[in-house]
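Text of data_18.txt (compact mmCIF, C-alpha atoms) as supplied:
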# COMPACT_ATOMS: atom_id res chain seq x y z
CA ALA A 1 -21.17 -20.31 -35.21
CA ASP A 2 -23.38 -19.09 -32.42
CA PRO A 3 -26.60 -17.76 -34.04
CA SER A 4 -26.93 -15.19 -31.26
CA LEU A 5 -23.85 -13.44 -32.63
CA VAL A 6 -25.34 -12.95 -36.13
CA PRO A 7 -26.60 -9.31 -36.32
CA PHE A 8 -29.43 -9.96 -38.81
CA PHE A 9 -30.80 -12.55 -41.25
CA GLY A 10 -28.56 -13.00 -44.27
CA SER A 11 -25.52 -11.64 -42.46
CA THR A 12 -22.09 -12.60 -43.75
CA SER A 13 -20.41 -11.46 -40.50
CA CYS A 14 -20.13 -13.72 -37.48
CA THR A 15 -17.01 -12.65 -35.64
CA GLY A 16 -17.97 -13.01 -31.97
CA PRO A 17 -15.45 -12.67 -29.15
CA PRO A 18 -11.93 -13.97 -29.80
CA ASP A 19 -11.12 -17.37 -28.31
CA THR A 20 -8.67 -17.89 -25.47
CA ARG A 21 -5.73 -18.94 -27.65
CA SER A 22 -6.02 -15.94 -29.95
CA ILE A 23 -6.33 -13.57 -26.96
CA LEU A 24 -3.15 -14.94 -25.40
CA GLU A 25 -1.27 -15.03 -28.70
CA GLY A 26 -2.21 -11.38 -29.24
CA PHE A 27 -1.05 -10.59 -25.71
CA TYR A 28 2.29 -12.30 -26.41
CA HIS A 29 2.75 -10.21 -29.55
CA ASP A 30 1.70 -6.93 -27.89
CA MET A 31 3.99 -7.49 -24.91
CA ASN A 32 7.21 -8.24 -26.81
CA GLY A 33 6.98 -11.95 -26.03
CA ASP A 34 10.14 -12.89 -27.93
CA LYS A 35 12.12 -10.96 -25.30
CA TRP A 36 10.46 -12.44 -22.22
CA LEU A 37 12.72 -14.07 -19.67
CA ARG A 38 10.50 -17.13 -19.76
CA SER A 39 7.92 -18.03 -22.40
CA ASP A 40 7.69 -21.81 -22.07
CA PHE A 41 5.20 -23.25 -24.62
CA TRP A 42 3.77 -19.85 -25.63
CA LYS A 43 2.63 -19.85 -29.28
CA SER A 44 3.20 -23.60 -29.47
CA ASN A 45 0.63 -26.28 -30.22
CA VAL A 46 0.58 -27.19 -26.53
CA GLY A 47 -2.65 -26.29 -24.74
CA VAL A 48 -2.69 -22.79 -23.26
CA CYS A 49 -3.07 -24.18 -19.74
CA ASP A 50 0.54 -25.40 -19.97
CA TRP A 51 1.95 -22.05 -21.07
CA TYR A 52 4.31 -20.40 -18.60
CA GLY A 53 2.45 -18.21 -16.09
CA VAL A 54 -1.01 -19.45 -17.10
CA ALA A 55 -3.21 -21.46 -14.73
CA CYS A 56 -6.54 -23.08 -15.54
CA ILE A 57 -9.46 -24.76 -13.87
CA ASN A 58 -11.48 -27.17 -16.03
CA GLY A 59 -9.74 -25.82 -19.11
CA ASP A 60 -10.59 -22.17 -18.42
CA VAL A 61 -7.83 -19.61 -17.80
CA VAL A 62 -8.25 -18.33 -14.25
CA SER A 63 -4.82 -16.84 -13.57
CA ILE A 64 -2.03 -15.09 -15.46
CA ASN A 65 1.15 -14.45 -13.47
CA LEU A 66 3.96 -12.98 -15.56
CA ALA A 67 5.56 -10.80 -12.89
CA SER A 68 9.21 -9.80 -13.38
CA ASN A 69 9.35 -11.32 -16.86
CA ASN A 70 10.52 -8.38 -19.02
CA LEU A 71 7.12 -7.67 -20.55
CA LYS A 72 6.98 -4.41 -22.52
CA GLY A 73 4.15 -2.60 -24.24
CA LEU A 74 0.43 -2.02 -23.69
CA PRO A 75 -1.86 -5.05 -23.26
CA SER A 76 -4.90 -5.15 -25.52
CA PRO A 77 -8.31 -4.61 -23.86
CA GLU A 78 -9.17 -8.08 -25.23
CA LEU A 79 -7.26 -9.55 -22.29
CA PHE A 80 -10.31 -8.79 -20.15
CA ASP A 81 -12.46 -10.96 -22.44
CA LEU A 82 -11.13 -14.10 -20.77
CA PRO A 83 -14.41 -15.07 -19.09
CA GLN A 84 -13.05 -16.91 -16.04
CA LEU A 85 -9.99 -14.74 -15.31
CA LYS A 86 -9.64 -14.17 -11.55
CA ILE A 87 -5.97 -13.22 -11.07
CA LEU A 88 -3.84 -10.93 -13.24
CA TRP A 89 -0.30 -10.27 -12.04
CA LEU A 90 1.83 -8.22 -14.44
CA ASN A 91 3.82 -6.43 -11.74
CA SER A 92 7.51 -5.56 -11.97
CA ASN A 93 7.54 -5.15 -15.73
CA PRO A 94 8.16 -1.93 -17.74
CA ILE A 95 4.64 -1.91 -19.20
CA THR A 96 1.90 0.66 -19.57
CA PHE A 97 -1.68 -0.33 -18.87
CA SER A 98 -5.28 0.70 -19.48
CA PHE A 99 -8.37 -0.45 -17.59
CA GLU A 100 -10.48 -0.18 -20.76
CA ASN A 101 -12.86 -3.14 -20.98
CA ILE A 102 -12.15 -4.35 -17.42
CA GLY A 103 -15.90 -4.60 -16.91
CA SER A 104 -15.90 -7.65 -19.20
CA ALA A 105 -13.73 -9.54 -16.70
CA ARG A 106 -16.65 -10.20 -14.38
CA LYS A 107 -14.74 -12.63 -12.17
CA LEU A 108 -11.49 -10.68 -11.87
CA GLU A 109 -10.62 -10.39 -8.18
CA ASP A 110 -6.89 -9.78 -7.90
CA ILE A 111 -4.81 -7.42 -10.01
CA ARG A 112 -1.17 -6.48 -9.45
CA LEU A 113 0.41 -3.71 -11.50
CA ASP A 114 2.94 -2.51 -8.94
CA ASN A 115 6.35 -1.52 -10.27
CA THR A 116 5.03 -0.76 -13.75
CA GLN A 117 4.61 2.43 -15.78
CA LEU A 118 0.89 2.69 -15.04
CA HIS A 119 -0.08 6.37 -14.93
CA SER A 120 -3.87 6.43 -14.61
CA MET A 121 -6.62 4.58 -12.74
CA HIS A 122 -9.27 5.76 -15.21
CA GLY A 123 -11.80 3.01 -15.85
CA ILE A 124 -10.96 0.94 -12.75
CA GLY A 125 -14.45 1.57 -11.39
CA ALA A 126 -15.89 -0.91 -13.90
CA GLY A 127 -13.97 -3.74 -12.23
CA GLU A 128 -16.79 -4.40 -9.80
CA SER A 129 -15.56 -7.86 -8.77
CA LEU A 130 -12.11 -6.66 -7.66
CA VAL A 131 -11.02 -7.73 -4.18
CA ASN A 132 -7.28 -6.96 -4.16
CA ILE A 133 -5.52 -4.11 -5.99
CA ASP A 134 -1.82 -3.27 -5.89
CA VAL A 135 -0.64 -0.32 -7.98
CA SER A 136 2.29 0.72 -5.79
CA PHE A 137 5.49 2.20 -7.21
CA THR A 138 3.90 3.43 -10.44
CA SER A 139 3.45 6.83 -12.10
CA ILE A 140 -0.01 7.58 -10.72
CA ARG A 141 -0.39 11.19 -9.64
CA GLY A 142 -3.15 13.58 -8.68
CA SER A 143 -6.06 13.14 -6.31
CA PHE A 144 -7.28 9.88 -4.82
CA PRO A 145 -9.27 8.10 -7.59
CA ASN A 146 -12.92 8.36 -6.58
CA GLU A 147 -13.74 5.45 -8.89
CA LEU A 148 -12.24 3.19 -6.25
CA LEU A 149 -15.02 4.11 -3.84
CA GLY A 150 -17.48 2.13 -5.96
CA LEU A 151 -15.57 -1.14 -5.65
CA THR A 152 -17.66 -2.49 -2.82
CA ASN A 153 -15.96 -5.91 -2.74
CA LEU A 154 -12.50 -4.46 -2.15
CA ARG A 155 -10.48 -6.00 0.70
CA THR A 156 -6.95 -4.70 0.10
CA LEU A 157 -5.79 -1.54 -1.63
CA ALA A 158 -2.11 -0.69 -2.08
CA MET A 159 -1.05 2.57 -3.77
CA ARG A 160 2.28 3.10 -2.07
CA ASN A 161 5.09 5.29 -3.40
CA ASN A 162 3.19 7.21 -6.03
CA ALA A 163 2.49 10.93 -6.35
CA LEU A 164 -1.05 11.08 -4.98
CA SER A 165 -1.92 14.53 -3.69
CA GLY A 166 -4.83 16.38 -2.12
CA SER A 167 -7.13 15.16 0.61
CA LEU A 168 -8.44 11.68 1.20
CA PRO A 169 -12.22 11.23 0.89
CA ALA A 170 -13.86 11.86 4.24
CA ASP A 171 -16.40 9.09 3.63
CA MET A 172 -15.21 5.68 2.50
CA SER A 173 -18.19 3.82 3.92
CA ASP A 174 -18.95 2.09 0.61
CA LEU A 175 -15.67 0.18 0.98
CA ARG A 176 -17.34 -1.73 3.76
CA TYR A 177 -15.18 -4.85 3.48
CA LEU A 178 -11.83 -3.06 3.28
CA ILE A 179 -9.24 -4.75 5.50
CA SER A 180 -5.94 -3.18 4.44
CA MET A 181 -5.13 0.20 2.88
CA SER A 182 -1.56 1.25 2.09
CA LEU A 183 -1.20 4.80 0.76
CA ASP A 184 2.17 5.58 2.30
CA SER A 185 4.91 7.62 0.63
CA ASN A 186 2.68 9.90 -1.40
CA LYS A 187 1.94 13.63 -1.12
CA LEU A 188 -1.46 13.46 0.55
CA THR A 189 -2.57 16.55 2.46
CA GLY A 190 -5.53 17.60 4.58
CA THR A 191 -6.72 16.10 7.82
CA LEU A 192 -6.53 12.44 8.76
CA PRO A 193 -9.94 10.80 8.20
CA ALA A 194 -11.41 8.97 11.17
CA PHE A 195 -12.31 5.88 9.09
CA ASP A 196 -15.00 5.49 11.73
CA ASN A 197 -17.51 3.75 9.45
CA LEU A 198 -15.31 0.84 8.35
CA HIS A 199 -15.78 -2.34 10.36
CA PHE A 200 -12.80 -4.35 9.10
CA LEU A 201 -9.96 -1.87 8.41
CA ARG A 202 -7.27 -3.48 10.56
CA GLU A 203 -4.23 -2.30 8.61
CA ILE A 204 -3.77 1.32 7.57
CA ARG A 205 -0.48 2.69 6.30
CA LEU A 206 -0.38 6.43 5.67
CA HIS A 207 3.19 7.21 6.72
CA ASN A 208 5.39 9.58 4.74
CA ASN A 209 2.66 11.96 3.64
CA LEU A 210 1.69 15.54 4.56
CA LEU A 211 -1.41 14.92 6.67
CA THR A 212 -2.27 17.55 9.29
CA GLY A 213 -4.53 18.10 12.30
CA ASP A 214 -5.38 16.01 15.33
CA ILE A 215 -6.16 12.31 15.38
CA SER A 216 -9.92 11.98 15.74
CA LYS A 217 -11.35 10.57 18.96
CA ARG A 218 -13.43 8.33 16.66
CA PHE A 219 -10.42 6.97 14.77
CA LEU A 220 -11.25 3.38 13.69
CA HIS A 221 -14.30 3.58 15.93
CA LYS A 222 -16.11 0.60 14.38
CA LEU A 223 -13.36 -1.92 15.06
CA ASN A 224 -13.64 -4.32 17.97
CA HIS A 225 -11.43 -3.80 21.02
CA GLY A 226 -9.79 -7.20 20.57
CA ASP A 227 -8.86 -6.78 16.89
CA SER A 228 -5.18 -6.84 15.96
CA ILE A 229 -4.63 -3.44 14.34
CA VAL A 230 -1.70 -1.74 12.61
CA ALA A 231 -1.88 2.02 12.06
CA ASN A 232 1.28 3.59 10.67
CA LEU A 233 0.87 7.37 10.64
CA ALA A 234 4.56 8.25 10.99
CA SER A 235 6.26 11.14 9.20
CA ASN A 236 3.27 13.40 8.66
CA ARG A 237 2.34 16.73 10.27
CA LEU A 238 -0.20 15.47 12.79
CA THR A 239 -0.65 17.49 15.97
CA GLY A 240 -2.25 17.34 19.39
CA VAL A 241 -2.45 14.53 21.92
CA ILE A 242 -2.96 10.84 21.16
CA PRO A 243 -6.69 10.33 21.84
CA GLU A 244 -7.42 8.57 25.11
CA GLU A 245 -10.24 6.77 23.31
CA LEU A 246 -7.67 4.59 21.52
CA ALA A 247 -7.02 2.86 24.85
CA ARG A 248 -10.08 0.74 24.17
CA PHE A 249 -7.98 -1.31 21.75
CA ASP A 250 -6.04 -4.15 23.35
CA ASN A 251 -3.69 -4.98 20.48
CA LEU A 252 -2.78 -1.86 18.52
CA SER A 253 0.53 -1.16 16.80
CA LEU A 254 0.48 2.63 16.43
CA TYR A 255 3.42 4.36 14.73
CA LEU A 256 3.60 8.14 15.05
CA ARG A 257 7.26 9.19 14.88
CA ASP A 258 8.13 12.48 13.19
CA ASN A 259 4.85 14.29 13.71
CA LYS A 260 4.03 17.13 16.12
CA ILE A 261 2.50 15.07 18.89
CA LEU A 262 2.22 16.93 22.20
CA GLY A 263 1.18 14.23 24.64
CA ILE A 264 0.36 10.61 25.44
CA PRO A 265 -2.43 9.79 27.93
CA LEU A 266 -1.46 7.53 30.82
CA SER A 267 -4.23 5.10 29.90
CA VAL A 268 -2.55 4.50 26.55
CA CYS A 269 0.81 3.86 28.19
CA GLU A 270 -0.81 1.09 30.23
CA LYS A 271 -1.82 -0.99 27.20
CA SER A 272 0.61 -3.84 27.76
CA GLN A 273 -0.04 -5.64 24.45
CA TRP A 274 0.42 -2.62 22.21
CA LEU A 275 3.27 -2.70 19.70
CA GLY A 276 3.83 -6.40 20.12
CA GLY A 277 4.00 -6.16 23.91
CA SER A 278 6.76 -3.56 24.04
CA VAL A 279 4.50 -1.03 25.77
CA GLY A 280 4.07 -3.53 28.58
CA GLN A 281 7.85 -3.70 28.95
CA VAL A 282 8.91 -0.04 28.80
CA GLY A 283 5.72 2.02 28.96
CA CYS A 284 5.21 5.29 27.10
CA ASP A 285 8.66 5.35 25.51
CA ALA A 286 7.71 2.28 23.45
CA ILE A 287 5.10 4.47 21.76
CA LEU A 288 7.12 7.68 21.34
CA CYS A 289 10.23 9.17 22.88
CA PRO A 290 9.24 12.25 24.93
CA PRO A 291 10.36 15.83 24.19
CA GLY A 292 14.03 16.27 25.00
CA ARG A 293 14.78 12.68 24.06
CA GLY A 294 14.81 10.72 20.81
CA ASN A 295 16.48 8.16 18.57
CA GLN A 296 16.42 7.06 14.94
CA TYR A 297 13.10 5.25 15.47
CA GLY A 298 11.34 7.93 17.50
CA ARG A 299 10.52 5.30 20.12
CA GLU A 300 12.32 2.85 22.36
CA THR A 301 12.95 -0.54 20.77
CA ASP A 302 14.57 -3.72 22.02
CA ASN A 303 18.02 -2.43 21.07
CA VAL A 304 17.75 1.35 21.09
CA ALA A 305 16.59 3.48 24.04
CA CYS A 306 15.52 7.11 23.85
CA GLY A 307 18.69 9.21 24.17
CA LYS A 308 19.15 12.83 25.18
CA CYS A 309 18.01 15.16 22.42
CA SER A 310 17.76 18.80 23.46
CA SER A 311 16.30 19.86 20.10
CA ALA A 312 13.38 17.40 20.27
CA ARG A 313 10.31 19.61 20.75
CA TYR A 314 7.70 16.93 20.16
CA TYR A 315 7.10 13.31 21.02
CA GLY A 316 8.70 10.88 18.59
CA SER A 317 11.61 12.94 17.30
CA THR A 318 14.16 11.23 15.02
CA ASP A 319 16.00 14.30 13.79
CA CYS A 320 18.63 14.78 16.45
CA TYR A 321 22.37 14.62 17.12
CA PHE A 322 22.79 12.73 20.36
CA ASP A 323 24.90 13.66 23.32
CA ALA A 324 26.85 10.38 23.54
CA SER A 325 27.80 10.98 27.17
CA ALA A 326 24.16 11.23 28.17
CA ALA A 327 22.80 8.46 25.95
CA PRO A 328 21.95 5.10 27.53
CA ALA A 329 24.48 2.33 27.28
CA GLY A 330 24.41 0.04 24.28
CA LEU A 331 23.40 0.70 20.73
CA SER A 332 21.93 4.15 21.33
CA ALA A 333 25.25 5.39 22.71
CA ARG A 334 27.16 3.86 19.84
CA PHE A 335 24.71 5.48 17.44
CA GLY A 336 25.28 8.86 19.03
CA MET A 337 29.06 8.52 18.89
CA ALA A 338 28.88 7.38 15.28
CA LEU A 339 26.91 10.49 14.37
CA GLY A 340 29.46 12.61 16.20
CA CYS A 341 32.29 11.02 14.22
CA VAL A 342 30.49 11.72 10.96
CA VAL A 343 30.00 15.37 11.91
CA SER A 344 33.66 15.69 12.93
CA MET A 345 34.85 14.22 9.63
CA LEU A 346 32.62 16.58 7.68
CA MET A 347 34.03 19.57 9.59
CA ILE A 348 37.61 18.42 8.93
CA CYS A 349 36.85 18.06 5.23
CA ALA A 350 35.17 21.46 5.12
CA PHE A 351 38.26 23.24 6.45
CA ALA A 352 40.85 21.13 4.58
For the file at hand, write its structure as structure tokens.
Amino acid sequence: ADPSLVPFFGSTSCTGPPDTRSILEGFYHDMNGDKWLRSDFWKSNVGVCDWYGVACINGDVVSINLASNNLKGLPSPELFDLPQLKILWLNSNPITFSFENIGSARKLEDIRLDNTQLHSMHGIGAGESLVNIDVSFTSIRGSFPNELLGLTNLRTLAMRNNALSGSLPADMSDLRYLISMSLDSNKLTGTLPAFDNLHFLREIRLHNNLLTGDISKRFLHKLNHGDSIVANLASNRLTGVIPEELARFDNLSLYLRDNKILGIPLSVCEKSQWLGGSVGQVGCDAILCPPGRGNQYGRETDNVACGKCSSARYYGSTDCYFDASAAPAGLSARFGMALGCVVSMLMICAFA
């Protein structure tokens, strides 16, 4: 026994931390292992590094990937006592989860709990080594977890399709290495932050929320003009004109359909490499269809032009029944006629 674990001279207790095999055997029991889709070598005499979903380096467990394997239950906090654990993927299982004891996993960088029954991020702030977090499609609700702001090594954060509400923090400067943030399909309100103190945030997905106000002239201000950037802000309640200052970016894919955008500066329409080069081909319409025109994408694509839409008050409208006779030839016209047929059938059924 390790003498450092003995609490005092004459002690009869020397428990210490559980070893790797006992931690994993306990995990198997807690997570209904007998019903897993695959459990090759688990609870056998074979070394743990050969167990299904377990990967090791020099005999130490560094990765557990049991995604989509019919795990059920609540993992014990002892799981975080694996000293070399770097990757934990338990996504797409009907499990609950607690971040209790995550601070013991000092090398944990990548955790995936998307498509689980996770309902709280409480305790996540102790995971100081975390680089990638995905907790999309879970039961998380309430305000943005401020504990995340202390994870200064974070590169990617995905919290899509939850029930997050309230405003986003105005200052996320401590997340100085953040590259990708996906918070789409929540219930976030308040104004759109400028994210003007983040140097590496090249992918931001905030579509399908309830964000309001104008886009800041300093939006993504710290990024370099040559960076490849994706900013999906579609289906919110944003207003005003697209800032002319965004024209400094050479390679921006900006998605803004279904907002209340009132204008697009000419300088933006001249950015030929925006949206994969489509702005260079068709101009402003590749960014947003103008008022009085629209389609199901809110912008002209390779196959669908902006058709006549008399009810479209703002740039980027998708909610419109098209006048098939006025729509451009091709798919947009067929789309308009198809909508007309659906409406006609509904009217026939209503009066039958």
Which residue gives the smallest distance to A:Asn161 among A:Ala126, A:Leu206, A:Leu201, A:Ile261, with all atoms listed in the file counted?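 So, comparing all the options, the nearest one is A:Leu206.
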Option closest in space to A:Leu223, from A:Asn70, A:Asn208, A:Thr318, A:Asn197 [counting only C-alpha atoms]: A:Asn197
Can you tell me how far atom CA of A:Asn232 sits from atom CA of A:Arg313, in Å to one decimal? 21.0 Å
Kindly provide the residues of stretch 192-260 of chain A that approach stretch 181-184 of chain A to within 7 Å, each paired with its closest atom pair and their distance in Å to one decimal, based on all atoms listed in the file, listed by chain and increasing number, as a tab-separated table.
residue	atom	partner	partner_atom	distance
A:Glu203	CA	A:Met181	CA	6.3
A:Ile204	CA	A:Met181	CA	5.0
A:Arg205	CA	A:Ser182	CA	4.6
A:Leu206	CA	A:Asp184	CA	4.3
A:His207	CA	A:Asp184	CA	4.8
A:Asn208	CA	A:Asp184	CA	5.7
A:Asn209	CA	A:Asp184	CA	6.5
Suppose we keep C-alpha atoms; can you now write the selection as a compact mmCIF listing (two decimals), in the frame of the given file?
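Everything below was put into part-v2.txt:
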# COMPACT_ATOMS: atom_id res chain seq x y z
CA GLU A 203 -4.23 -2.30 8.61
CA ILE A 204 -3.77 1.32 7.57
CA ARG A 205 -0.48 2.69 6.30
CA LEU A 206 -0.38 6.43 5.67
CA HIS A 207 3.19 7.21 6.72
CA ASN A 208 5.39 9.58 4.74
CA ASN A 209 2.66 11.96 3.64
Could you check which residues have any atom within 12 Å of (8.2, -2.2, 29.4), counting only C-alpha atoms with coordinates taken straight from the file, and then list them as a tab-separated table (two decimals) with C-alpha atoms, in the frame of the given file?
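Result file result23.tsv:
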chain	number	residue	atom	x	y	z
A	269	CYS	CA	0.81	3.86	28.19
A	270	GLU	CA	-0.81	1.09	30.23
A	271	LYS	CA	-1.82	-0.99	27.20
A	272	SER	CA	0.61	-3.84	27.76
A	273	GLN	CA	-0.04	-5.64	24.45
A	274	TRP	CA	0.42	-2.62	22.21
A	275	LEU	CA	3.27	-2.70	19.70
A	276	GLY	CA	3.83	-6.40	20.12
A	277	GLY	CA	4.00	-6.16	23.91
A	278	SER	CA	6.76	-3.56	24.04
A	279	VAL	CA	4.50	-1.03	25.77
A	280	GLY	CA	4.07	-3.53	28.58
A	281	GLN	CA	7.85	-3.70	28.95
A	282	VAL	CA	8.91	-0.04	28.80
A	283	GLY	CA	5.72	2.02	28.96
A	284	CYS	CA	5.21	5.29	27.10
A	285	ASP	CA	8.66	5.35	25.51
A	286	ALA	CA	7.71	2.28	23.45
A	287	ILE	CA	5.10	4.47	21.76
A	300	GLU	CA	12.32	2.85	22.36
A	301	THR	CA	12.95	-0.54	20.77
A	302	ASP	CA	14.57	-3.72	22.02
A	305	ALA	CA	16.59	3.48	24.04
Tell me, in Å to one decimal, how far atom CA of A:Arg141 is from atom CA of A:Asn236.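 About the pair atom CA of A:Arg141 and atom CA of A:Asn236: they are 18.8 Å apart.
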Residues near stretch 165-179 of chain A, cut-off 8 Å, all atoms listed in the file, skip fewer than 6 positions along chain, as a VMD selection string: chain A and resid 141 to 144 149 to 157 186 to 195 197 to 203
Set the distance at 9 Å and use only C-alpha atoms: which residues neighbour stretch 95-108 of chain A once local chain neighbours fewer than 4 positions away are removed? I'd like the list as a compact mmCIF listing (two decimals) with C-alpha atoms, in the coordinates of the input.
# COMPACT_ATOMS: atom_id res chain seq x y z
CA MET A 31 3.99 -7.49 -24.91
CA VAL A 62 -8.25 -18.33 -14.25
CA ASN A 70 10.52 -8.38 -19.02
CA LEU A 71 7.12 -7.67 -20.55
CA LYS A 72 6.98 -4.41 -22.52
CA GLY A 73 4.15 -2.60 -24.24
CA LEU A 74 0.43 -2.02 -23.69
CA PRO A 75 -1.86 -5.05 -23.26
CA SER A 76 -4.90 -5.15 -25.52
CA PRO A 77 -8.31 -4.61 -23.86
CA GLU A 78 -9.17 -8.08 -25.23
CA LEU A 79 -7.26 -9.55 -22.29
CA PHE A 80 -10.31 -8.79 -20.15
CA ASP A 81 -12.46 -10.96 -22.44
CA LEU A 82 -11.13 -14.10 -20.77
CA PRO A 83 -14.41 -15.07 -19.09
CA GLN A 84 -13.05 -16.91 -16.04
CA LEU A 85 -9.99 -14.74 -15.31
CA LYS A 86 -9.64 -14.17 -11.55
CA ILE A 87 -5.97 -13.22 -11.07
CA LEU A 88 -3.84 -10.93 -13.24
CA LEU A 90 1.83 -8.22 -14.44
CA ASN A 91 3.82 -6.43 -11.74
CA LEU A 113 0.41 -3.71 -11.50
CA THR A 116 5.03 -0.76 -13.75
CA GLN A 117 4.61 2.43 -15.78
CA LEU A 118 0.89 2.69 -15.04
CA HIS A 119 -0.08 6.37 -14.93
CA SER A 120 -3.87 6.43 -14.61
CA MET A 121 -6.62 4.58 -12.74
CA HIS A 122 -9.27 5.76 -15.21
CA GLY A 123 -11.80 3.01 -15.85
CA ILE A 124 -10.96 0.94 -12.75
CA GLY A 125 -14.45 1.57 -11.39
CA ALA A 126 -15.89 -0.91 -13.90
CA GLY A 127 -13.97 -3.74 -12.23
CA GLU A 128 -16.79 -4.40 -9.80
CA SER A 129 -15.56 -7.86 -8.77
CA LEU A 130 -12.11 -6.66 -7.66
CA VAL A 131 -11.02 -7.73 -4.18
Which is closer to A:Cys289 than all the others in A:Asn303, A:Val268, A:Ala312, A:Asp250, using only C-alpha atoms?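 Checking each of A:Asn303, A:Val268, A:Ala312, A:Asp250 against A:Cys289, counting only C-alpha atoms, the winner is A:Ala312.
Comparing A:Asp19, A:Asp227, A:Asp134, A:Asp214 by their smallest distance to A:Leu262, the closest is A:Asp214 (using only C-alpha atoms).
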In Å to one decimal, how far is atom CA of A:Phe137 from atom CA of A:Arg160? 6.1 Å
May I have the residues at most 9 Å from (13.5, 10.8, 25.5) in the file's coordinates, counting all atoms listed in the file, as a CSV table (one decimal) with C-alpha atoms, in the frame of the given file?
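For reference, part-v3.csv as written:
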chain,number,residue,atom,x,y,z
A,285,ASP,CA,8.7,5.4,25.5
A,288,LEU,CA,7.1,7.7,21.3
A,289,CYS,CA,10.2,9.2,22.9
A,290,PRO,CA,9.2,12.2,24.9
A,291,PRO,CA,10.4,15.8,24.2
A,292,GLY,CA,14.0,16.3,25.0
A,293,ARG,CA,14.8,12.7,24.1
A,294,GLY,CA,14.8,10.7,20.8
A,295,ASN,CA,16.5,8.2,18.6
A,298,GLY,CA,11.3,7.9,17.5
A,299,ARG,CA,10.5,5.3,20.1
A,300,GLU,CA,12.3,2.8,22.4
A,305,ALA,CA,16.6,3.5,24.0
A,306,CYS,CA,15.5,7.1,23.8
A,307,GLY,CA,18.7,9.2,24.2
A,308,LYS,CA,19.2,12.8,25.2
A,309,CYS,CA,18.0,15.2,22.4
A,312,ALA,CA,13.4,17.4,20.3
A,315,TYR,CA,7.1,13.3,21.0
A,316,GLY,CA,8.7,10.9,18.6
A,317,SER,CA,11.6,12.9,17.3
